[in-house]
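Notes follow the structure.
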Amino acid sequence: MNRLTRQIVSFGCTFFIAVSALSQADSEDCSLRRFDFEQVEMGVIFRLSVYGSDSDLANKAAEAAYARVHELNGIFSDYQGSSEVRRLCDASGPGRPVKVSKELFTVLEASLRLSAETAGAFDVTVGPLTKLWRRARRREVIPEPQRLAAERKLVGSELVRLDAKSSSVELLREGMRLDFGGIAKGFAADEALRVLRDHGLNRALVDASGDIVAGDPPPDACFWVVSIEALRPRSAGQNSPAADDQDSDTAAIPRLKLCNEAVATSGDAYQSVVIDGRRFSHIVDPKTGLGLNQRSSVTIIARSGMMADGLASAVSVLGPDAGIRLLNDSEHCETEGYIMFAKGESAKVRSASTLGLKKFLIAPEFVRP
């Protein structure tokens with residue numbers, strides 16, 4: 001573990017974290033100190049910030065939190081051949097249910113529910129298509145239509161059968177592959193915060209490279225502050241963010257206040273490819289099997305990291321209009337969203353948000369619905 005002695009004020013390329021300077025009415029013991037840790041897990045940097053009076057306890061809690069994330073990676077990883085989800089996909093098929101861990105069943109159940117709520121915009125059965133698209137991005141060649149059609153037949157949440165009594169999963173077609181890349185990191189962040197709390201460290205924050213779960217605020221603050229990095233306009237003919245942001249509607253960076261909530265951002269500002277003159281995202285649309293064309297950055301605030309992560313992935317696929325309608329639906333009354341996007345070939349960045357987002361904003365004027 002790499003134990004940091006300096007205070008981390010910048011977490012990842014998507015979020016910037018700082019402690020709010022607003023004082024609480026009831027100030028706590030000044031002996032509480034901030035401890036910061038970082039370690040690579042699930043292929044990204046997991047950063048922990050905790051407040052406590054005992055460095056030994058902080059170190060012990062951080063080690064336990066990282067051990068839990070490492071354990072979850074062994075369950076959900078799409079890259080590890082020995083992971084539980086890979087073993088499930090290899091063993092299950094029509095008439096062959098497989099008993100799975102509580103963690104895998106819980107996240108799969110939530111994933112199927114989210115798939116139904118988003119009309120398939122979020123779908124963990126998209127594994128065959130994401131594998132195909134990864135290869136296409138490396139080779140910079142669009143997959144053949146026949147291959148795409150064949151892989152799409154293996155995708156669909158209706159092809160997964162759950163049995164809660166036996167905690168078993170049955171995949172109803174041979175060759176299916178599950179991909180939890182759009183939700184497992186948020187769940188892992190939830191679990192890391194739970195472990196820290198189990199060690200008595202309630203004033204804590206977990207940043208899983210942009211999937212952030214906040215506990216109680218720092219002792220000298222009312223909340224944690226999360227600033228969202230603006231989606232930059234793209235210069236004509238370029239596939240990278242432009243340096244000049246003067247014409248952007250989102251030049252000002254929204255700042256969010258969080259306390260016992262989660263926030264996640266899904267976007268393709270730094271992961272895209274140009275094939276045959278067309279720009280594609282690393283985010284795959286389950287219905288087409290191809291990367292998204294519309295540049296976007298979707299930020300979701302929810303009660304859990306798992307829900308924020310999953311909804312950010314889903315809204316990225318749905319697009320701003322359908323995404324905002326989904327978030328404003330009564331099913332997600334405790335969820336808020338902020339979307340930055342550039343339609344078609346336009347370089348200009350626009351934004352949209354749910355009406356309830358303003359209660360999380362430190363500077364409400366930054367959001368333009």
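A note on labels: chains of the structure tokens are A, B, ... as shown, every chain counts residues from 1, and ligands are counted from 1 in their shown order.
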
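Taking only C-alpha atoms, the non-local environment of range 87-99 of chain A within 7 Å (same-chain residues fewer than 5 positions away omitted) comprises Ser82, Ser166, Ser167, Ser168, Val169, Glu170, Leu171, Leu172, Arg173, Glu174, Met176 and Arg177 of chain A.
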
Residue neighbourhood Val273 in chain A, 9 Å, only C-alpha atoms, exclusion window fewer than 2 positions, as a ChimeraX atom specification: /A:137-138,140,239,271,275,278-282

Go ahead and write the residues just picked, C-alpha atoms, as a PDB file, in the first residue's frame.
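Final output, out-v3.pdb:
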ATOM      1  CA  ARG A 137     -10.932  -0.191 -31.189  1.00  0.00           C
ATOM      2  CA  ARG A 138      -7.481  -1.764 -31.141  1.00  0.00           C
ATOM      3  CA  GLU A 140      -9.555   0.584 -35.768  1.00  0.00           C
ATOM      4  CA  ASN A 239     -10.193  13.851 -31.424  1.00  0.00           C
ATOM      5  CA  GLN A 271     -11.432   7.304 -24.327  1.00  0.00           C
ATOM      6  CA  ILE A 275     -12.670   4.834 -37.489  1.00  0.00           C
ATOM      7  CA  ARG A 278     -16.268   8.706 -37.440  1.00  0.00           C
ATOM      8  CA  ARG A 279     -15.651   9.194 -33.744  1.00  0.00           C
ATOM      9  CA  PHE A 280     -16.696   6.371 -31.416  1.00  0.00           C
ATOM     10  CA  SER A 281     -16.726   6.120 -27.638  1.00  0.00           C
ATOM     11  CA  HIS A 282     -15.490   3.196 -25.558  1.00  0.00           C
TER      12      HIS A 282
END

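Of the listed residues (A:Glu144, A:Asp54, A:Glu158, A:Glu71), A:Glu158 comes nearest to Ala116 in chain A; the distances count only C-alpha atoms.
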
Please report the interatomic distance between CA of Ala221 in chain A and CA of Leu48 in chain A in Å with one decimal. 17.6 Å

Residue contacts of Arg303 in chain A (8 Å, only C-alpha atoms) excluding same-chain residues fewer than 2 positions away, as a PyMOL selection string: chain A and resi 260-262+301+305+307-308+334-335
